[in-house]
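Have a look at entry-v6.txt; it's compact mmCIF, C-alpha atoms:
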# COMPACT_ATOMS: atom_id res chain seq x y z
CA MET A 807 30.85 42.58 -34.35
CA ASP A 808 30.75 39.97 -37.16
CA SER A 809 33.49 37.51 -38.15
CA GLN A 810 34.78 39.72 -41.01
CA VAL A 811 35.44 42.58 -38.61
CA GLU A 812 37.14 40.18 -36.22
CA ASP A 813 39.42 38.93 -39.07
CA HIS A 814 40.63 42.52 -39.69
CA LEU A 815 41.56 42.80 -36.03
CA GLN A 816 43.78 39.71 -36.07
CA CYS A 817 47.56 39.83 -36.30
CA PRO A 818 48.65 38.18 -39.61
CA THR A 819 51.42 36.36 -37.77
CA CYS A 820 49.82 34.95 -34.58
CA LEU A 821 46.21 35.16 -35.82
CA GLU A 822 45.13 36.58 -32.47
CA ILE A 823 43.47 39.89 -31.66
CA PHE A 824 46.22 42.52 -31.85
CA GLU A 825 48.26 42.87 -28.65
CA ASP A 826 50.11 46.24 -28.60
CA PRO A 827 49.75 46.72 -32.40
CA VAL A 828 52.48 48.56 -34.39
CA MET A 829 52.40 49.82 -38.01
CA LEU A 830 55.43 49.30 -40.29
CA PRO A 831 56.33 51.89 -42.93
CA CYS A 832 54.77 49.60 -45.54
CA SER A 833 51.44 50.13 -43.70
CA HIS A 834 51.16 46.49 -42.51
CA SER A 835 50.24 46.10 -38.82
CA PHE A 836 51.39 43.38 -36.41
CA CYS A 837 51.67 42.71 -32.72
CA ARG A 838 54.89 44.34 -31.48
CA ALA A 839 56.04 41.03 -29.99
CA CYS A 840 55.40 39.19 -33.28
CA VAL A 841 57.51 41.71 -35.31
CA GLU A 842 60.36 41.63 -32.83
CA GLN A 843 60.35 37.82 -32.82
CA TRP A 844 60.33 37.75 -36.68
CA TRP A 845 63.26 40.15 -36.89
CA GLU A 846 65.21 38.16 -34.33
CA GLU A 847 64.65 34.88 -36.21
CA LYS A 848 65.38 36.33 -39.70
CA GLY A 849 68.28 38.59 -38.66
CA ASP A 850 66.92 41.53 -40.66
CA GLN A 851 64.23 44.17 -40.28
CA SER A 852 61.81 43.17 -43.00
CA CYS A 853 58.00 43.06 -43.11
CA PRO A 854 56.69 39.54 -42.48
CA VAL A 855 54.17 40.07 -45.30
CA CYS A 856 55.81 42.08 -48.12
CA ARG A 857 59.49 41.63 -47.02
CA LYS A 858 60.06 45.35 -47.37
CA ARG A 859 62.92 46.50 -45.11
CA CYS A 860 62.32 48.89 -42.25
CA ARG A 861 65.08 51.46 -41.64
CA THR A 862 64.53 51.83 -37.89
CA MET A 863 63.95 49.65 -34.85
CA ASP A 864 61.66 52.27 -33.37
CA LEU A 865 58.21 51.05 -34.27
CA PRO A 866 55.34 53.47 -33.62
CA SER A 867 52.26 52.07 -31.95
CA ASN A 868 49.11 51.90 -34.03
CA LEU A 869 46.94 53.71 -31.47
CA ALA A 870 43.84 53.69 -33.64
CA LEU A 871 44.06 49.95 -34.15
CA ARG A 872 44.78 49.43 -30.45
CA ASN A 873 41.67 51.37 -29.48
CA VAL A 874 39.54 49.34 -31.87
CA CYS A 875 41.00 46.04 -30.56
CA ASP A 876 40.50 47.10 -26.95
CA ALA A 877 36.92 48.02 -27.67
CA PHE A 878 36.34 44.71 -29.45
CA SER A 879 37.89 42.71 -26.59
CA GLN A 880 35.95 44.62 -23.97
CA ALA A 881 32.70 44.11 -25.88
CA SER A 882 33.26 40.33 -26.05
CA VAL A 883 33.97 39.89 -22.29
CA ASP A 884 30.34 40.28 -20.93
CA PRO A 885 28.68 37.95 -23.52
CA LYS A 886 31.26 35.26 -22.72
CA GLU A 887 30.59 35.55 -19.00
CA LYS A 888 26.85 35.41 -19.63
CA LEU A 889 27.34 32.46 -21.95
CA GLN A 890 29.46 30.67 -19.31
CA ASP A 891 26.78 31.32 -16.67
CA GLY A 892 24.07 30.10 -19.01
CA LEU A 893 26.13 27.02 -19.88
CA GLN A 894 26.62 26.19 -16.20
CA LYS A 895 22.92 26.62 -15.47
CA ALA A 896 22.06 24.45 -18.48
CA LYS A 897 24.41 21.73 -17.23
CA GLU A 898 22.86 21.89 -13.77
CA ARG A 899 19.36 21.79 -15.27
CA LEU A 900 20.39 18.84 -17.45
CA LYS A 901 21.64 17.02 -14.35
CA ASP A 902 18.38 17.76 -12.52
CA ASP A 903 16.30 16.56 -15.47
CA ILE A 904 18.34 13.34 -15.75
CA GLU A 905 17.89 12.71 -12.01
CA ALA A 906 14.15 13.39 -12.32
CA ARG A 907 13.88 11.04 -15.29
CA ASP A 908 15.82 8.30 -13.45
CA PHE A 909 13.55 8.81 -10.44
CA CYS A 910 10.45 8.47 -12.64
CA ASN A 911 11.91 5.34 -14.25
CA GLU A 912 12.49 3.90 -10.78
CA GLN A 913 8.92 4.69 -9.78
CA ALA A 914 7.52 3.24 -13.01
CA THR A 915 9.47 0.01 -12.56
CA TYR A 916 8.34 -0.36 -8.95
CA ILE A 917 4.72 0.36 -9.88
CA LYS A 918 4.79 -2.78 -12.02
CA VAL A 919 6.31 -4.74 -9.12
CA GLN A 920 3.59 -3.40 -6.81
CA ARG A 921 0.91 -4.35 -9.30
CA GLU A 922 2.16 -7.93 -9.41
CA GLN A 923 2.34 -8.09 -5.61
CA VAL A 924 -1.12 -6.60 -5.13
CA GLU A 925 -2.63 -8.88 -7.77
CA SER A 926 -1.11 -11.89 -6.02
CA LYS A 927 -2.59 -10.81 -2.68
CA ILE A 928 -6.01 -10.14 -4.19
CA LYS A 929 -6.05 -13.55 -5.88
CA LYS A 930 -4.99 -15.18 -2.62
CA TYR A 931 -7.76 -13.52 -0.62
CA PHE A 932 -10.45 -14.24 -3.20
CA GLU A 933 -9.30 -17.86 -3.38
CA GLU A 934 -9.82 -18.06 0.39
CA LEU A 935 -13.29 -16.58 -0.05
CA ARG A 936 -14.05 -19.03 -2.85
CA ARG A 937 -12.99 -21.95 -0.68
CA PHE A 938 -15.19 -20.66 2.12
CA LEU A 939 -18.17 -20.24 -0.22
CA LEU A 940 -17.64 -23.68 -1.76
CA ALA A 941 -17.54 -25.21 1.71
CA GLN A 942 -20.73 -23.36 2.62
CA GLU A 943 -22.39 -24.47 -0.61
CA GLU A 944 -21.48 -28.10 -0.02
CA ALA A 945 -22.70 -27.93 3.58
CA ARG A 946 -26.05 -26.48 2.44
CA LEU A 947 -26.45 -29.04 -0.34
CA SER A 948 -25.51 -31.83 2.04
CA ALA A 949 -28.16 -30.66 4.51
CA VAL A 950 -30.80 -30.66 1.74
CA ARG A 951 -29.80 -34.16 0.62
CA GLU A 952 -29.82 -35.44 4.21
CA GLU A 953 -33.32 -34.08 4.86
CA GLU A 954 -34.53 -35.45 1.51
CA GLU A 955 -33.13 -38.89 2.34
CA LYS A 956 -34.64 -38.91 5.84
CA LYS A 957 -38.09 -37.78 4.77
CA SER A 958 -38.11 -40.02 1.69
CA ARG A 959 -37.29 -43.01 3.91
CA MET A 960 -40.10 -42.16 6.31
CA MET A 961 -42.52 -41.78 3.40
CA LYS A 962 -41.40 -45.09 1.93
CA GLU A 963 -42.02 -46.89 5.24
CA LYS A 964 -45.46 -45.26 5.46
CA ILE A 965 -46.32 -46.39 1.92
CA GLU A 966 -45.12 -49.95 2.60
CA THR A 967 -47.32 -50.18 5.74
CA LEU A 968 -50.35 -48.88 3.84
CA ASP A 969 -49.67 -51.36 1.01
CA ARG A 970 -49.83 -54.24 3.48
CA VAL A 971 -53.09 -52.95 5.03
CA ILE A 972 -54.61 -52.42 1.60
CA SER A 973 -53.66 -55.99 0.57
CA THR A 974 -55.28 -57.45 3.69
CA LEU A 975 -58.47 -55.42 3.24
CA SER A 976 -58.63 -56.27 -0.45
CA ASP A 977 -58.46 -59.99 0.38
CA ALA A 978 -61.22 -59.59 3.01
CA VAL A 979 -63.47 -57.67 0.62
CA ARG A 980 -62.99 -60.18 -2.18
CA SER A 981 -63.57 -63.17 0.17
CA THR A 982 -66.75 -61.61 1.57
CA GLU A 983 -68.09 -60.84 -1.87
CA GLU A 984 -67.47 -64.45 -2.90
CA GLN A 985 -69.21 -65.69 0.25
CA LEU A 986 -72.28 -63.59 -0.50
CA THR A 987 -72.68 -65.28 -3.88
CA SER A 988 -71.93 -68.83 -2.71
CA ASP A 989 -74.58 -71.56 -2.25
CA PRO A 990 -76.59 -71.53 0.99
CA VAL A 991 -74.86 -74.57 2.49
CA CYS A 992 -71.38 -73.10 2.00
CA PHE A 993 -72.55 -69.70 3.11
CA THR A 994 -73.98 -71.15 6.34
CA GLU A 995 -70.81 -73.06 7.10
CA ASN A 996 -68.47 -70.02 6.65
CA ILE A 997 -70.66 -67.14 7.76
CA LYS A 998 -69.22 -66.93 11.24
CA ASN A 999 -65.59 -66.76 10.06
CA THR A 1000 -66.50 -64.30 7.33
CA ILE A 1001 -68.26 -61.98 9.78
CA ASN A 1002 -65.28 -62.06 12.19
CA ARG A 1003 -62.89 -61.34 9.38
CA ILE A 1004 -64.79 -58.43 7.88
CA GLN A 1005 -65.43 -56.85 11.26
CA LYS A 1006 -61.76 -56.91 12.36
CA LEU A 1007 -60.74 -53.97 10.19
CA PRO A 1008 -57.37 -52.23 10.79
CA ASP A 1009 -57.32 -48.77 12.29
CA LYS A 1010 -58.01 -45.92 9.96
CA PRO A 1011 -54.69 -44.52 8.73
CA GLU A 1012 -53.59 -41.27 10.36
CA ARG A 1013 -53.51 -38.19 8.22
CA LEU A 1014 -50.03 -36.98 7.38
CA LYS A 1015 -48.74 -34.51 9.91
CA GLY A 1016 -47.08 -31.25 8.89
CA GLY A 1017 -43.39 -31.13 8.07
CA ALA A 1018 -43.41 -34.05 5.69
CA LEU A 1019 -42.02 -31.93 2.84
CA LEU A 1020 -38.56 -30.35 2.63
CA ASP A 1021 -38.11 -27.22 4.72
CA GLU A 1022 -37.28 -24.79 1.91
CA VAL A 1023 -37.42 -21.85 4.27
CA LYS A 1024 -34.59 -23.29 6.33
CA HIS A 1025 -32.44 -24.05 3.32
CA VAL A 1026 -33.07 -21.04 1.10
CA GLY A 1027 -34.51 -18.28 3.26
CA ASN A 1028 -32.02 -15.37 3.76
CA LEU A 1029 -29.35 -17.66 2.37
CA LYS A 1030 -26.97 -14.91 1.30
CA PHE A 1031 -27.32 -13.18 4.64
CA SER A 1032 -26.75 -16.41 6.54
CA VAL A 1033 -23.58 -17.13 4.58
CA TRP A 1034 -22.40 -13.55 5.05
CA GLU A 1035 -23.06 -13.85 8.79
CA ARG A 1036 -20.97 -17.02 8.91
CA MET A 1037 -18.24 -15.25 7.01
CA LYS A 1038 -17.48 -13.03 9.98
CA GLU A 1039 -15.78 -16.06 11.56
CA THR A 1040 -13.21 -16.07 8.77
CA VAL A 1041 -12.66 -12.35 8.22
CA SER A 1042 -11.30 -9.61 10.44
CA PHE A 1043 -11.20 -5.82 10.44
CA SER A 1044 -8.08 -3.86 11.34
CA PRO A 1045 -8.56 -0.32 12.64
CA VAL A 1046 -5.12 0.60 11.23
CA ILE A 1047 -3.60 -0.37 7.89
CA LEU A 1048 0.14 0.17 7.51
CA ASP A 1049 1.24 2.05 4.40
CA PRO A 1050 4.11 0.21 2.65
CA ASN A 1051 4.93 3.37 0.67
CA THR A 1052 6.16 4.97 3.92
CA ALA A 1053 8.13 1.98 5.28
CA CYS A 1054 11.88 2.27 5.80
CA LEU A 1055 13.91 -0.17 3.71
CA LYS A 1056 14.65 -2.47 6.68
CA LEU A 1057 11.02 -2.95 7.62
CA SER A 1058 8.96 -5.90 6.45
CA LEU A 1059 5.15 -5.73 6.41
CA SER A 1060 2.73 -8.65 6.48
CA ASP A 1061 0.61 -9.40 3.41
CA ASP A 1062 -2.47 -7.92 5.07
CA LEU A 1063 -0.50 -4.78 6.12
CA THR A 1064 -1.31 -5.16 9.83
CA SER A 1065 2.10 -6.08 11.29
CA VAL A 1066 5.68 -4.89 10.89
CA SER A 1067 9.11 -6.26 11.81
CA CYS A 1068 12.74 -5.35 11.15
CA GLN A 1069 14.41 -7.62 8.60
CA GLU A 1070 17.05 -7.37 5.88
CA GLU A 1071 17.06 -4.27 3.70
CA GLN A 1072 14.62 -4.49 0.82
CA GLN A 1073 14.45 -2.94 -2.62
CA ARG A 1074 12.03 -0.02 -2.51
CA PRO A 1075 12.01 3.27 -4.45
CA ASN A 1076 13.04 6.54 -2.89
CA ASN A 1077 9.55 8.07 -3.10
CA PRO A 1078 8.77 11.29 -1.14
CA GLU A 1079 6.53 9.57 1.46
CA ARG A 1080 9.16 7.04 2.51
CA PHE A 1081 11.25 7.24 5.70
CA LYS A 1082 14.88 7.21 4.57
CA TRP A 1083 16.88 6.60 7.75
CA ASN A 1084 14.77 5.70 10.77
CA ASP A 1085 13.07 2.30 11.04
CA ASP A 1086 9.63 3.88 10.81
CA VAL A 1087 6.33 3.26 9.06
CA LEU A 1088 3.01 5.09 9.11
CA GLY A 1089 -0.56 3.90 9.05
CA SER A 1090 -3.19 5.38 6.79
CA ALA A 1091 -4.05 9.01 7.58
CA LEU A 1092 -6.54 9.67 10.38
CA ALA A 1093 -9.72 11.58 9.64
CA SER A 1094 -11.33 13.90 12.16
CA GLY A 1095 -13.03 12.14 15.06
CA THR A 1096 -12.14 9.39 17.54
CA HIS A 1097 -9.69 6.61 16.71
CA MET A 1098 -8.44 3.70 18.78
CA TRP A 1099 -6.20 0.72 18.05
CA ASP A 1100 -4.34 -1.95 20.05
CA VAL A 1101 -0.84 -3.22 19.24
CA ASP A 1102 0.71 -6.46 20.50
CA VAL A 1103 4.19 -5.62 21.91
CA GLU A 1104 4.63 -8.52 24.33
CA ASP A 1105 7.58 -10.24 22.59
CA ASN A 1106 9.09 -7.18 20.91
CA ARG A 1107 11.95 -5.47 22.77
CA GLN A 1108 12.59 -2.53 20.46
CA TRP A 1109 9.48 -0.53 19.63
CA LYS A 1110 7.87 2.88 19.51
CA LEU A 1111 4.14 3.56 19.08
CA GLY A 1112 1.96 6.61 18.80
CA VAL A 1113 0.98 9.21 16.25
CA ALA A 1114 2.93 11.42 13.87
CA TYR A 1115 1.80 14.58 12.14
CA GLY A 1116 3.18 16.75 9.40
CA HIS A 1117 3.42 16.96 5.63
CA PRO A 1118 2.83 13.54 4.01
CA CYS A 1119 5.84 14.00 1.69
CA LEU A 1120 8.21 15.18 4.44
CA PRO A 1121 8.21 12.21 6.85
CA SER A 1122 11.63 13.01 8.34
CA GLU A 1123 10.30 16.39 9.51
CA MET A 1124 7.19 14.99 11.23
CA ASP A 1125 6.58 15.46 14.95
CA THR A 1126 5.55 12.44 17.02
CA TRP A 1127 3.76 11.69 20.29
CA SER A 1128 4.64 8.19 21.39
CA ILE A 1129 5.77 5.77 24.06
CA ALA A 1130 8.66 3.42 23.47
CA ARG A 1131 10.84 0.60 24.65
CA PHE A 1132 14.50 0.31 23.62
CA ASP A 1133 17.75 -0.53 25.39
CA ASP A 1134 15.55 -2.32 27.97
CA LYS A 1135 14.11 1.00 29.08
CA TYR A 1136 10.68 2.54 28.63
CA ARG A 1137 10.10 6.12 27.61
CA LYS A 1138 6.95 8.16 27.16
CA PHE A 1139 6.48 11.05 24.77
CA VAL A 1140 9.88 10.30 23.26
CA GLY A 1141 12.16 13.26 23.47
CA ALA A 1142 11.66 13.68 27.22
CA VAL A 1143 14.74 13.16 29.33
CA GLY A 1144 15.16 9.94 31.28
CA SER A 1145 13.39 6.61 31.36
CA TRP A 1146 9.94 5.70 32.66
CA ASN A 1147 8.66 2.79 34.73
CA PRO A 1148 5.17 1.69 33.62
CA PRO A 1149 2.78 0.63 36.41
CA VAL A 1150 2.07 -2.77 34.77
CA ARG A 1151 3.73 -5.13 32.36
CA LEU A 1152 3.18 -3.84 28.85
CA ARG A 1153 1.82 -6.54 26.54
CA ARG A 1154 -0.84 -4.78 24.49
CA ILE A 1155 -0.73 -1.01 23.99
CA ARG A 1156 -3.88 0.91 23.18
CA VAL A 1157 -3.53 4.24 21.39
CA HIS A 1158 -6.52 6.55 21.63
CA VAL A 1159 -6.77 9.73 19.57
CA ASP A 1160 -9.62 12.22 19.81
CA THR A 1161 -9.22 15.02 17.30
CA ASN A 1162 -12.34 16.78 18.59
CA GLU A 1163 -11.05 17.07 22.16
CA ARG A 1164 -7.43 17.25 20.91
CA LYS A 1165 -6.31 14.48 23.19
CA ILE A 1166 -3.94 11.52 22.84
CA SER A 1167 -3.73 8.78 25.46
CA PHE A 1168 -2.00 5.42 25.91
CA SER A 1169 -3.11 2.47 28.03
CA GLU A 1170 -2.42 -1.22 28.63
CA SER A 1171 -5.58 -2.69 27.15
CA ARG A 1172 -5.41 -6.15 28.77
CA THR A 1173 -5.42 -4.66 32.26
CA ASN A 1174 -7.26 -1.47 31.28
CA THR A 1175 -4.50 0.58 32.91
CA GLU A 1176 -3.96 4.16 31.78
CA LEU A 1177 -0.31 4.85 31.08
CA CYS A 1178 -0.16 8.49 30.00
CA LYS A 1179 -2.05 11.13 28.09
CA THR A 1180 -1.43 14.54 26.65
CA VAL A 1181 -3.36 17.50 25.33
CA PRO A 1182 -0.76 19.21 23.13
CA SER A 1183 -0.93 22.99 22.98
CA ASP A 1184 0.42 22.91 19.42
CA TRP A 1185 -2.28 20.58 18.11
CA PRO A 1186 -2.01 20.64 14.30
CA HIS A 1187 -4.67 21.96 12.01
CA LEU A 1188 -5.25 19.00 9.71
CA SER A 1189 -5.29 19.71 5.97
CA ASP A 1190 -3.86 18.32 2.75
CA ASN A 1191 -0.44 19.60 3.77
CA LYS A 1192 -0.68 18.61 7.44
CA LYS A 1193 -2.05 15.20 8.39
CA MET A 1194 -1.99 12.85 11.37
CA PHE A 1195 -0.96 9.20 11.09
CA PRO A 1196 -0.62 6.12 13.31
CA TYR A 1197 3.12 5.75 13.90
CA PHE A 1198 5.27 2.62 14.35
CA TRP A 1199 9.01 2.06 14.85
CA THR A 1200 10.86 -1.19 15.53
CA ARG A 1201 14.28 -2.78 15.29
CA ASP A 1202 13.12 -6.20 16.41
CA LYS A 1203 12.49 -9.24 14.21
CA THR A 1204 9.39 -10.02 16.27
CA PRO A 1205 6.47 -8.20 14.62
CA LEU A 1206 4.45 -5.40 16.08
CA ARG A 1207 0.89 -6.49 15.26
CA VAL A 1208 -2.27 -4.41 15.14
CA ILE A 1209 -5.01 -6.36 16.93
CA PRO A 1210 -8.05 -6.91 14.66
CA LEU A 1211 -11.50 -5.94 15.88
CA ALA A 1212 -14.29 -8.48 16.35
CA CYS A 1213 -16.95 -8.40 13.65
CA HIS A 1214 -20.67 -8.36 14.48
CA VAL A 1215 -23.70 -8.58 12.20
CA MET A 1216 -26.74 -6.56 13.24
CA THR A 1217 -30.16 -6.29 11.66
CA ARG A 1218 -32.85 -3.69 12.15
CA SER A 1219 -36.19 -3.00 10.58
CA SER A 1220 -36.40 -0.19 8.08
CA ARG A 1221 -39.05 2.46 8.58

The structure in this file should be written as structure tokens.
Amino acid sequence: MDSQVEDHLQCPTCLEIFEDPVMLPCSHSFCRACVEQWWEEKGDQSCPVCRKRCRTMDLPSNLALRNVCDAFSQASVDPKEKLQDGLQKAKERLKDDIEARDFCNEQATYIKVQREQVESKIKKYFEELRRFLLAQEEARLSAVREEEEKKSRMMKEKIETLDRVISTLSDAVRSTEEQLTSDPVCFTENIKNTINRIQKLPDKPERLKGGALLDEVKHVGNLKFSVWERMKETVSFSPVILDPNTACLKLSLSDDLTSVSCQEEQQRPNNPERFKWNDDVLGSALASGTHMWDVDVEDNRQWKLGVAYGHPCLPSEMDTWSIARFDDKYRKFVGAVGSWNPPVRLRRIRVHVDTNERKISFSESRTNTELCKTVPSDWPHLSDNKKMFPYFWTRDKTPLRVIPLACHVMTRSSR
């Protein structure tokens, strides 16, 4: 119904949809309660509109108008309920959208913070590389200058010796030539000395031996490779890199993302990959194959190590296989009842995962002592929605540190 129809269904006195409508003899209709109230206030039985008197108190109900009003009211009930439901859903959706927008704003703000942090780390590492390369360059240049100085000095001494010999021989040649053109008396008197002098010639100079020039091969040959080979002394490779996007707020990671400790709570966004309550952090996802890494636990008294698997964006629902130390007790495959006494002192834990044989084992790497192993019957099928990760937990300020692997440079001939 439109608004004009609704206006005709309103009581002229209370302006509401008729409630128990009655019709006066003058043909004006009102709510029964409105007419009775008007008569009581005025003290007479007149029409509130035309003031025409009514001869009786018995007012007949306007059944036709009542039916129309009832139908109108009944027809308006369902749309109002639907409108209320729609309004409530719209409010809930608005709340969800505002929360999603605030979440995106939080992520966008932190992305900028991450960019600044990552840029700072990159600049730091490249500055270290530049210092290393500059030191290598200076060492190489210094070696060239040292060899040049040494060989130039030797050549100078050789030249000076030859200059003296040449001077002596030149004097002898000139004196002999003068003697040959002198008068016979003078020639006879000096012939003996002249013969002795011309016959006592110095030894023939030795030919220069090899190696007199700079050794360019030593200084320039495979220079880039040689510097790269030396670089292995300054760089390291970690078999596990911790993912800061999964770290609980209380965990602090080293700049190179290879160690973790429990510190004061930090400002990090509530992204889906992050652990919200436990003091956990994951390493980068493991691909199929064999993986092995060592973790230094010697000075840490509250730790848990192993692997976790599950959906990357549901960390709190992940399952774990691990060994742990907390409350001065050791436990293996956490979740099992009771404590565990390891056969040796645990200082460096090795985690070994073989996805091909579906096996996980733990050992003390310094003593090469096997601690425990498992071949889970519910080994996960790895996919985009189900992945396996190195797993770390600690509540100690002393870091858990992934031990870097030694770097080796190998060459082989290409065929």

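When only C-alpha atoms are used to compute distances to A:Ser948, the closest of the residues A:Thr915, A:Asn1084, A:His1025, A:Thr1200 turns out to be A:His1025.
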
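Using all atoms listed in the file, the shortest contact distance between A:Gln1072 and any of A:Arg951, A:Lys1110, A:Arg1154, A:Lys1056 is found at A:Lys1056.
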
*Quick one: pull the distance between atom CA of A:Met1037 and atom CA of A:Leu1020, Å, one decimal.*
25.7 Å

_Counting only C-alpha atoms, the option among A:Pro990, A:Gly1112, A:Pro827, A:Gly1027 closest to A:Trp1127_ = A:Gly1112

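If you look at atom CA of A:Lys1179 and atom CA of A:Glu1104, they are 21.1 Å away from each other.
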
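Straight-line separation from atom CA of A:Pro1196 to atom CA of A:Gly1116: 11.9 Å.
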
_Calculated over all atoms listed in the file, which of the candidates A:Ile917, A:Leu947, A:Leu830, A:Lys901 has the smallest distance to A:Arg1074?_
A:Ile917

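Shortest atom-to-atom contact with A:Trp1099 among A:Val1159, A:Leu1177, A:Val841, A:Leu1048: A:Val1159, counting only C-alpha atoms.
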